[in-house]
Amino acid sequence: MMLKWLISVHILTIMIVFFSNLSWSYQLIVSVFVIISCYNYLRCLSRGNIIRYSKVLGWEWLNTEQKFSSIEVLPSTVITRLFIALHYRYKDKKKAIIICRDSLSKDDYRQFLVSLKINGLN
């Protein structure tokens with residue numbers, strides 16, 4: 001679902017750029033940036049994110065080096081029935097990730113919600 005939406009938005013953006021009154025050179029430049037943006041989003045989606053919780057180590061995130069690193073889930077995290085806007089601190093930097101309900105199975109999403117409510121939010 002998210003993949004189709006992501007590709008559709010980027011294709012629609014390129015179409016709008018080409019129907020605009022910009023000169024062809026500007027259209028080409030903007031389109032290249034949109035294609036680069038799409039490529040980066042697709043790369044991030046294919047890599048995926050793994051977040052886990054244990055009583056001993058707390059919340060952890062699988063980083064780019066394929067090692068679990070400790071994170072701190074921030075109280076500004078937003079929990080709804082449709083998505084979770086997870087705010088966390090990793091290496092003294094605040095970061096956020098959106099986790100849509102349909103990106104996990106119903107049971108996994110429910111377990112993640114419960115874990116956040118019980119263990120995660122300060």
# chains A, B, ... in the order shown; residues from 1 in each chain; ligands from 1
$ residues_around --residues "Val73 (chain A)" --least-positions-apart "2" --cutoff "10 Å" --atoms "only C-alpha atoms" --output "NGL selection string"
:A and (58-60 or 70-71 or 75-77 or 86-90 or 94-96 or 116 or 119-122)
$ residues_around --residues "Trp61 (chain A)" --least-positions-apart "5" --cutoff "7 Å" --atoms "only C-alpha atoms" --output "list in words"
Ile50, Ile51, Arg52, Phe68, Ser69, Ser70 and Ile71 of chain A
